[in-house]
$ cat model-v1.tsv   # TSV, C-alpha atoms
chain	number	residue	atom	x	y	z
A	30	MET	CA	-3.68	-32.48	-26.31
A	31	ALA	CA	-6.60	-30.80	-28.11
A	32	SER	CA	-7.76	-29.34	-24.77
A	33	GLU	CA	-4.22	-28.02	-24.12
A	34	ARG	CA	-4.36	-26.20	-27.47
A	35	ARG	CA	-7.83	-24.85	-26.73
A	36	LEU	CA	-6.62	-23.62	-23.32
A	37	ARG	CA	-3.72	-21.76	-24.97
A	38	ILE	CA	-5.93	-20.14	-27.61
A	39	LYS	CA	-8.61	-18.93	-25.21
A	40	THR	CA	-5.95	-17.65	-22.80
A	41	LEU	CA	-4.28	-15.73	-25.64
A	42	VAL	CA	-7.61	-14.21	-26.75
A	43	MET	CA	-8.48	-13.09	-23.20
A	44	VAL	CA	-4.99	-11.64	-22.55
A	45	LEU	CA	-5.23	-9.66	-25.81
A	46	ALA	CA	-8.71	-8.40	-24.79
A	47	MET	CA	-7.22	-7.41	-21.40
A	48	VAL	CA	-4.32	-5.46	-22.92
A	49	VAL	CA	-6.48	-3.70	-25.55
A	50	CYS	CA	-9.20	-2.75	-23.02
A	51	ALA	CA	-6.69	-1.51	-20.41
A	52	ASN	CA	-4.83	0.68	-22.90
A	53	ALA	CA	-7.97	2.03	-24.61
A	54	GLY	CA	-9.49	2.72	-21.18
A	55	ASP	CA	-6.41	4.56	-19.86
A	56	LEU	CA	-6.14	6.60	-23.05
A	57	MET	CA	-9.83	7.64	-22.90
A	58	LEU	CA	-9.56	8.44	-19.18
A	59	LYS	CA	-6.55	10.64	-19.84
A	60	ARG	CA	-8.32	12.39	-22.74
A	61	GLY	CA	-11.53	12.86	-20.71
A	62	MET	CA	-9.75	14.23	-17.64
A	63	SER	CA	-7.68	16.67	-19.71
A	64	GLN	CA	-10.91	17.94	-21.30
A	65	ILE	CA	-12.19	18.58	-17.77
A	66	GLY	CA	-8.98	20.27	-16.70
A	67	ALA	CA	-7.16	20.41	-13.37
A	68	VAL	CA	-9.45	19.69	-10.43
A	69	GLN	CA	-9.58	22.37	-7.70
A	70	LEU	CA	-9.33	20.67	-4.29
A	71	THR	CA	-12.18	22.65	-2.71
A	72	GLU	CA	-15.70	21.45	-2.00
A	73	ALA	CA	-17.10	23.39	-4.97
A	74	GLY	CA	-14.21	22.31	-7.21
A	75	ILE	CA	-14.67	18.60	-6.42
A	76	ALA	CA	-18.47	18.87	-6.87
A	77	GLN	CA	-17.90	20.58	-10.21
A	78	ALA	CA	-15.37	17.90	-11.29
A	79	PHE	CA	-17.83	15.16	-10.26
A	80	ARG	CA	-20.61	16.75	-12.36
A	81	LEU	CA	-18.29	17.09	-15.35
A	82	THR	CA	-16.96	13.49	-15.13
A	83	VAL	CA	-20.38	11.79	-14.86
A	84	THR	CA	-21.69	13.79	-17.83
A	85	SER	CA	-18.58	13.27	-20.00
A	86	GLY	CA	-19.08	10.78	-22.86
A	87	THR	CA	-15.32	10.17	-23.05
A	88	ILE	CA	-15.19	9.18	-19.36
A	89	TRP	CA	-18.06	6.71	-19.89
A	90	VAL	CA	-16.22	5.16	-22.85
A	91	ALA	CA	-13.18	4.85	-20.54
A	92	ILE	CA	-15.31	3.20	-17.83
A	93	PHE	CA	-16.71	0.79	-20.44
A	94	PHE	CA	-13.20	-0.29	-21.53
A	95	LEU	CA	-11.86	-0.52	-17.96
A	96	SER	CA	-14.86	-2.70	-16.99
A	97	GLY	CA	-14.04	-4.86	-20.03
A	98	PHE	CA	-10.47	-5.12	-18.73
A	99	MET	CA	-11.63	-6.17	-15.25
A	100	LEU	CA	-14.06	-8.78	-16.64
A	101	SER	CA	-11.48	-10.30	-19.02
A	102	TYR	CA	-8.86	-10.30	-16.22
A	103	MET	CA	-11.23	-12.07	-13.80
A	104	THR	CA	-12.30	-14.54	-16.49
A	105	VAL	CA	-8.78	-15.51	-17.54
A	106	LEU	CA	-7.71	-15.88	-13.87
A	107	SER	CA	-10.54	-18.41	-13.40
A	108	TRP	CA	-8.54	-20.93	-15.46
A	109	ALA	CA	-4.96	-19.63	-15.96
A	110	ASP	CA	-2.10	-19.11	-13.47
A	111	TYR	CA	-1.71	-15.62	-11.97
A	112	SER	CA	2.03	-15.90	-12.65
A	113	TYR	CA	1.20	-16.58	-16.33
A	114	VAL	CA	-1.31	-13.75	-16.88
A	115	MET	CA	0.39	-10.99	-14.85
A	116	PRO	CA	3.64	-10.72	-16.88
A	117	ALA	CA	1.70	-11.07	-20.15
A	118	GLY	CA	-0.20	-7.90	-19.20
A	119	ALA	CA	3.09	-5.96	-19.48
A	120	PHE	CA	2.85	-6.41	-23.24
A	121	GLY	CA	0.69	-3.25	-23.05
A	122	TYR	CA	3.78	-1.11	-22.32
A	123	ALA	CA	5.42	-2.42	-25.49
A	124	LEU	CA	2.22	-1.86	-27.47
A	125	LEU	CA	1.88	1.74	-26.20
A	126	THR	CA	5.45	2.50	-27.32
A	127	LEU	CA	4.73	1.16	-30.82
A	128	LEU	CA	1.45	3.13	-31.02
A	129	ALA	CA	3.24	6.31	-29.88
A	130	VAL	CA	5.79	5.90	-32.67
A	131	VAL	CA	3.35	4.95	-35.45
A	132	PHE	CA	0.47	7.34	-34.69
A	133	LEU	CA	1.93	10.17	-32.61
A	134	HIS	CA	5.37	10.14	-34.33
A	135	GLU	CA	7.04	10.40	-30.93
A	136	SER	CA	10.77	9.82	-30.85
A	137	VAL	CA	11.71	6.95	-28.57
A	138	SER	CA	15.06	6.63	-26.81
A	139	LEU	CA	17.34	3.64	-27.34
A	140	ARG	CA	16.86	2.73	-23.66
A	141	ARG	CA	13.08	2.56	-24.12
A	142	TRP	CA	13.44	0.38	-27.25
A	143	PHE	CA	15.68	-1.96	-25.28
A	144	GLY	CA	12.95	-2.15	-22.62
A	145	VAL	CA	10.35	-2.99	-25.30
A	146	VAL	CA	12.57	-5.84	-26.59
A	147	LEU	CA	13.06	-7.20	-23.04
A	148	ILE	CA	9.28	-7.13	-22.42
A	149	CYS	CA	8.53	-8.93	-25.70
A	150	VAL	CA	11.16	-11.64	-25.09
A	151	GLY	CA	9.97	-12.02	-21.47
A	152	VAL	CA	6.30	-12.33	-22.47
A	153	LEU	CA	7.22	-14.89	-25.18
A	154	LEU	CA	9.23	-16.90	-22.62
A	155	VAL	CA	6.33	-16.93	-20.13
A	156	GLY	CA	3.95	-17.75	-23.01
A	157	GLN	CA	5.92	-20.93	-23.71
A	158	THR	CA	5.18	-22.29	-20.22
A	159	LYS	CA	2.02	-24.18	-19.25
A	160	PRO	CA	-0.85	-21.68	-18.67
A	161	ARG	CA	-2.10	-23.68	-15.70
A	162	THR	CA	0.03	-25.55	-13.15
A	163	THR	CA	-2.57	-26.01	-10.38
A	164	ALA	CA	-5.36	-28.61	-10.47
A	165	SER	CA	-8.72	-27.39	-11.77
A	166	ALA	CA	-11.79	-27.80	-9.54
A	167	GLY	CA	-13.02	-30.67	-11.77
A	168	GLU	CA	-9.70	-32.55	-11.55
A	169	ALA	CA	-9.51	-32.06	-7.80
A	170	VAL	CA	-13.01	-33.55	-7.39
A	171	ALA	CA	-12.09	-36.45	-9.69
A	172	ARG	CA	-9.01	-37.21	-7.58
A	173	CYS	CA	-10.91	-37.07	-4.31
A	174	ALA	CA	-13.62	-39.43	-5.59
B	17	MET	CA	10.84	6.99	4.13
B	18	ARG	CA	7.23	7.94	3.27
B	19	VAL	CA	8.00	7.16	-0.39
B	20	ILE	CA	9.19	3.66	0.52
B	21	LEU	CA	6.13	3.13	2.69
B	22	ALA	CA	3.77	4.26	-0.09
B	23	LEU	CA	5.65	2.08	-2.58
B	24	ALA	CA	5.27	-0.93	-0.26
B	25	VAL	CA	1.51	-0.25	0.01
B	26	LEU	CA	1.35	0.04	-3.80
B	27	ILE	CA	3.23	-3.21	-4.46
B	28	PHE	CA	1.75	-5.37	-1.69
B	29	GLY	CA	-1.74	-3.90	-2.18
B	30	SER	CA	-1.87	-4.68	-5.89
B	31	THR	CA	-0.28	-8.13	-5.70
B	32	GLY	CA	-2.24	-9.06	-2.54
B	33	GLY	CA	-5.48	-7.91	-4.16
B	34	GLU	CA	-4.80	-9.76	-7.39
B	35	ILE	CA	-3.83	-12.93	-5.54
B	36	ALA	CA	-7.07	-12.77	-3.50
B	37	ILE	CA	-9.07	-12.28	-6.72
B	38	THR	CA	-7.23	-15.15	-8.43
B	39	TYR	CA	-8.00	-17.38	-5.43
B	40	GLY	CA	-11.67	-16.39	-5.63
B	41	MET	CA	-11.92	-16.91	-9.39
B	42	LYS	CA	-10.30	-20.36	-9.14
B	43	ALA	CA	-12.81	-21.22	-6.39
B	44	ILE	CA	-15.89	-20.23	-8.40
B	45	GLY	CA	-14.60	-22.00	-11.51
B	46	GLU	CA	-14.34	-20.90	-15.11
B	47	PRO	CA	-17.36	-20.14	-17.35
B	48	LYS	CA	-18.09	-23.21	-19.51
B	49	ARG	CA	-18.27	-21.17	-22.69
B	50	LEU	CA	-17.38	-17.54	-23.37
B	51	ARG	CA	-20.96	-16.45	-24.20
B	52	PRO	CA	-22.57	-13.26	-22.80
B	53	LEU	CA	-25.10	-15.16	-20.64
B	54	GLU	CA	-22.44	-17.42	-19.13
B	55	LEU	CA	-20.14	-14.44	-18.52
B	56	ILE	CA	-22.97	-12.66	-16.65
B	57	GLN	CA	-23.56	-15.80	-14.56
B	58	PHE	CA	-19.79	-15.97	-13.92
B	59	LEU	CA	-19.83	-12.32	-12.77
B	60	GLY	CA	-22.82	-13.14	-10.52
B	61	ARG	CA	-20.83	-15.95	-8.87
B	62	ALA	CA	-17.80	-13.64	-8.54
B	63	VAL	CA	-19.64	-10.87	-6.66
B	64	ARG	CA	-20.94	-13.44	-4.17
B	65	ASN	CA	-17.39	-14.62	-3.42
B	66	GLY	CA	-15.67	-13.29	-0.31
B	67	TRP	CA	-12.16	-13.43	-1.78
B	68	PHE	CA	-13.25	-11.10	-4.56
B	69	TRP	CA	-14.38	-8.54	-1.97
B	70	ALA	CA	-11.12	-9.00	-0.07
B	71	GLY	CA	-9.20	-8.20	-3.25
B	72	VAL	CA	-11.10	-5.10	-4.38
B	73	PRO	CA	-10.26	-2.82	-1.40
B	74	LEU	CA	-6.61	-3.92	-1.55
B	75	MET	CA	-6.45	-2.94	-5.22
B	76	ALA	CA	-8.22	0.36	-4.46
B	77	LEU	CA	-5.70	1.03	-1.66
B	78	SER	CA	-2.84	0.38	-4.07
B	79	PHE	CA	-4.43	2.72	-6.64
B	80	TYR	CA	-4.68	5.58	-4.11
B	81	SER	CA	-1.12	4.91	-3.07
B	82	LEU	CA	-0.08	5.24	-6.73
B	83	LEU	CA	-1.90	8.60	-7.01
B	84	ILE	CA	-0.21	9.88	-3.85
B	85	LEU	CA	3.22	8.68	-5.06
B	86	LEU	CA	2.71	10.39	-8.41
B	87	SER	CA	2.06	13.66	-6.59
B	88	TRP	CA	5.43	13.33	-4.80
B	89	GLU	CA	7.74	11.78	-7.37
B	90	PRO	CA	8.01	11.79	-11.21
B	91	ILE	CA	6.31	8.95	-13.11
B	92	SER	CA	9.72	7.90	-14.52
B	93	LEU	CA	10.70	6.91	-10.98
B	94	VAL	CA	7.36	5.56	-9.69
B	95	ILE	CA	6.56	3.08	-12.49
B	96	PRO	CA	10.06	1.52	-12.68
B	97	ALA	CA	10.01	1.08	-8.89
B	98	SER	CA	6.53	-0.46	-9.04
B	99	ALA	CA	7.82	-2.98	-11.63
B	100	LEU	CA	9.10	-4.89	-8.57
B	101	SER	CA	5.49	-6.07	-8.21
B	102	TYR	CA	6.15	-8.61	-11.02
B	103	VAL	CA	8.69	-10.32	-8.76
B	104	VAL	CA	6.55	-10.00	-5.60
B	105	GLY	CA	3.51	-11.29	-7.54
B	106	THR	CA	5.42	-14.31	-8.82
B	107	LEU	CA	6.64	-15.15	-5.30
B	108	GLY	CA	3.04	-14.82	-4.08
B	109	ALA	CA	1.80	-17.09	-6.89
B	110	LYS	CA	4.37	-19.71	-5.86
B	111	TYR	CA	4.01	-19.63	-2.08
B	112	ILE	CA	0.35	-18.61	-1.64
B	113	LEU	CA	-1.41	-19.98	-4.75
B	114	GLY	CA	0.89	-23.01	-5.13
B	115	GLU	CA	1.66	-22.35	-8.80
B	116	GLN	CA	4.76	-24.02	-10.25
B	117	ILE	CA	7.21	-21.40	-11.50
B	118	SER	CA	9.53	-23.05	-14.02
B	119	THR	CA	12.95	-21.58	-14.84
B	120	ALA	CA	11.55	-20.28	-18.16
B	121	ARG	CA	8.74	-18.48	-16.36
B	122	TRP	CA	11.13	-16.92	-13.81
B	123	ALA	CA	13.42	-15.78	-16.64
B	124	GLY	CA	10.44	-14.27	-18.49
B	125	VAL	CA	9.16	-12.46	-15.38
B	126	LEU	CA	12.62	-10.98	-14.66
B	127	LEU	CA	12.97	-9.78	-18.29
B	128	VAL	CA	9.49	-8.21	-18.16
B	129	CYS	CA	10.33	-6.52	-14.85
B	130	ALA	CA	13.57	-5.03	-16.25
B	131	GLY	CA	11.82	-4.11	-19.51
B	132	VAL	CA	8.99	-2.23	-17.78
B	133	ALA	CA	11.52	-0.34	-15.66
B	134	LEU	CA	13.47	0.70	-18.79
B	135	VAL	CA	10.34	1.68	-20.80
B	136	ALA	CA	8.91	3.78	-17.95
B	137	ALA	CA	12.28	5.42	-17.22
B	138	GLY	CA	12.06	6.74	-20.80
$ encode --input "model-v1.tsv" --output "structure tokens"
Amino acid sequence: MASERRLRIKTLVMVLAMVVCANAGDLMLKRGMSQIGAVQLTEAGIAQAFRLTVTSGTIWVAIFFLSGFMLSYMTVLSWADYSYVMPAGAFGYALLTLLAVVFLHESVSLRRWFGVVLICVGVLLVGQTKPRTTASAGEAVARCA
Amino acid sequence: MRVILALAVLIFGSTGGEIAITYGMKAIGEPKRLRPLELIQFLGRAVRNGWFWAGVPLMALSFYSLLILLSWEPISLVIPASALSYVVGTLGAKYILGEQISTARWAGVLLVCAGVALVAAG
């Protein structure tokens, strides 16, 4: 039972890391690319955009966060179900809406709020289920022996 | 027609890629502790796994498909339509990865799918 609890806690921590890194990364990427401006689809334009992106600090911060997302996603998938982690990632959409209201004072439509509620209830429902329903490598070996 | 085709590439590319990566990560096993050294060793095992390299191009393909779709259609149409990938991904988890999808999990996935569609539609 203690291991079940530990599994839940570490899954929760990694899913939170995933959501935070993905959102921070997307935000930084958006900010960095808008600093660079619209890319001209000519050879010179693409070369210029390439030079500007690899020398942009904001883009490197974005790459750092998106790498963090990929690593936490891969790590959590090494022990938890894909069907458990994937819907939990949608919590980011709800989080972005809340951040937009609190920090950017955006007005949010009733339809969007309803969507946020559905996502939260859905993620909570999935969160109640067992994080892992397939045998782990260790258990499979133990059964074969 | 081309929109539906691009949407299919987006949905099946991302879920197919993620399922391949999940399969690979389950095969290499979880890091014993979440310490930097063990995470680096875990990453080392991951990049030597074939399923990981099967998943990456599929996810890249789905990303390009998303960019192309966004140049044709507004984001308030593209993201709600791509929310179908939650359902496709869950079916893949059940039939390809052999995960057990309880009624509660199905209900949660369907709520998330509808919620994402509503949030992105604005």
$ interface_residues --input "model-v1.tsv" --of "chain A" --to "chain B" --cutoff "6 Å" --atoms "only C-alpha atoms" --output "JSON list (two decimals) with C-alpha atoms, in the frame of the given file"
[["chain", "number", "residue", "atom", "x", "y", "z"],
["A", 106, "LEU", "CA", -7.71, -15.88, -13.87],
["A", 107, "SER", "CA", -10.54, -18.41, -13.40],
["A", 108, "TRP", "CA", -8.54, -20.93, -15.46],
["A", 112, "SER", "CA", 2.03, -15.90, -12.65],
["A", 116, "PRO", "CA", 3.64, -10.72, -16.88],
["A", 141, "ARG", "CA", 13.08, 2.56, -24.12],
["A", 144, "GLY", "CA", 12.95, -2.15, -22.62],
["A", 147, "LEU", "CA", 13.06, -7.20, -23.04],
["A", 148, "ILE", "CA", 9.28, -7.13, -22.42],
["A", 151, "GLY", "CA", 9.97, -12.02, -21.47],
["A", 154, "LEU", "CA", 9.23, -16.90, -22.62],
["A", 155, "VAL", "CA", 6.33, -16.93, -20.13],
["A", 162, "THR", "CA", 0.03, -25.55, -13.15],
["A", 163, "THR", "CA", -2.57, -26.01, -10.38]]
$ atom_distance --input "model-v1.tsv" --atom1 "CA of Leu93 in chain B" --atom2 "CA of Gly97 in chain A"
28.9 Å
$ closest_residue --input "model-v1.tsv" --among "A:Ser63, A:Thr40, A:Asn52, A:Thr126" --to "Thr87 in chain A" --atoms "all atoms listed in the file"
A:Ser63
$ residues_near_point --input "model-v1.tsv" --point "(-14.5, 2.8, -21.2)" --cutoff "6 Å" --atoms "all atoms listed in the file" --output "PyMOL selection string"
chain A and resi 54+89-95
$ residues_near_point --input "model-v1.tsv" --point "(-18.7, 10.5, -22.5)" --cutoff "12 Å" --atoms "only C-alpha atoms" --output "VMD selection string"
chain A and resid 57 to 58 60 to 62 64 to 65 81 to 93
$ closest_residue --input "model-v1.tsv" --among "A:Arg37, A:Ala31, A:Val44, A:Thr71" --to "Thr104 in chain A" --atoms "all atoms listed in the file"
A:Val44
$ closest_residue --input "model-v1.tsv" --among "A:Val49, A:Val68, A:Val131, A:Ala164" --to "Ala119 in chain A" --atoms "only C-alpha atoms"
A:Val49
$ atom_distance --input "model-v1.tsv" --atom1 "CA of Met103 in chain A" --atom2 "CA of Met47 in chain A"
9.8 Å
$ atom_distance --input "model-v1.tsv" --atom1 "CA of Gly32 in chain B" --atom2 "CA of Leu74 in chain B"
6.8 Å
$ build_atoms --input "model-v1.tsv" --residues "range 35-56 of chain B" --atoms "N, CA and C atoms" --output "short mmCIF file (atom, residue, chain, number, x, y, z; two decimals), in the frame of the given file"
data_model
loop_
_atom_site.label_atom_id
_atom_site.label_comp_id
_atom_site.auth_asym_id
_atom_site.auth_seq_id
_atom_site.Cartn_x
_atom_site.Cartn_y
_atom_site.Cartn_z
N ILE B 35 -3.92 -11.54 -6.00
CA ILE B 35 -3.83 -12.93 -5.54
C ILE B 35 -5.16 -13.36 -4.90
N ALA B 36 -5.77 -12.46 -4.11
CA ALA B 36 -7.07 -12.77 -3.50
C ALA B 36 -8.12 -12.99 -4.59
N ILE B 37 -8.09 -12.14 -5.63
CA ILE B 37 -9.07 -12.28 -6.72
C ILE B 37 -8.81 -13.59 -7.50
N THR B 38 -7.54 -13.89 -7.75
CA THR B 38 -7.23 -15.15 -8.43
C THR B 38 -7.76 -16.34 -7.63
N TYR B 39 -7.54 -16.30 -6.31
CA TYR B 39 -8.00 -17.38 -5.43
C TYR B 39 -9.52 -17.53 -5.53
N GLY B 40 -10.22 -16.38 -5.52
CA GLY B 40 -11.67 -16.39 -5.63
C GLY B 40 -12.15 -16.93 -6.97
N MET B 41 -11.49 -16.49 -8.05
CA MET B 41 -11.92 -16.91 -9.39
C MET B 41 -11.67 -18.40 -9.61
N LYS B 42 -10.56 -18.92 -9.03
CA LYS B 42 -10.30 -20.36 -9.14
C LYS B 42 -11.36 -21.12 -8.37
N ALA B 43 -11.81 -20.54 -7.24
CA ALA B 43 -12.81 -21.22 -6.39
C ALA B 43 -14.17 -21.28 -7.08
N ILE B 44 -14.56 -20.20 -7.78
CA ILE B 44 -15.89 -20.23 -8.40
C ILE B 44 -15.88 -20.99 -9.72
N GLY B 45 -14.70 -21.21 -10.29
CA GLY B 45 -14.60 -22.00 -11.51
C GLY B 45 -14.83 -21.18 -12.76
N GLU B 46 -14.27 -21.66 -13.86
CA GLU B 46 -14.34 -20.90 -15.11
C GLU B 46 -15.71 -21.03 -15.78
N PRO B 47 -16.11 -20.00 -16.58
CA PRO B 47 -17.36 -20.14 -17.35
C PRO B 47 -17.17 -21.25 -18.39
N LYS B 48 -18.22 -22.06 -18.59
CA LYS B 48 -18.09 -23.21 -19.51
C LYS B 48 -17.79 -22.75 -20.94
N ARG B 49 -18.53 -21.74 -21.37
CA ARG B 49 -18.27 -21.17 -22.69
C ARG B 49 -18.21 -19.66 -22.54
N LEU B 50 -17.52 -19.00 -23.48
CA LEU B 50 -17.38 -17.54 -23.37
C LEU B 50 -18.54 -16.86 -24.10
N ARG B 51 -19.78 -17.10 -23.63
CA ARG B 51 -20.96 -16.45 -24.20
C ARG B 51 -21.44 -15.39 -23.21
N PRO B 52 -22.13 -14.35 -23.70
CA PRO B 52 -22.57 -13.26 -22.80
C PRO B 52 -23.33 -13.77 -21.57
N LEU B 53 -24.29 -14.69 -21.77
CA LEU B 53 -25.10 -15.16 -20.64
C LEU B 53 -24.22 -15.85 -19.59
N GLU B 54 -23.30 -16.70 -20.07
CA GLU B 54 -22.44 -17.42 -19.13
C GLU B 54 -21.46 -16.49 -18.44
N LEU B 55 -21.03 -15.42 -19.14
CA LEU B 55 -20.14 -14.44 -18.52
C LEU B 55 -20.88 -13.66 -17.42
N ILE B 56 -22.17 -13.36 -17.67
CA ILE B 56 -22.97 -12.66 -16.65
C ILE B 56 -23.15 -13.56 -15.43
#
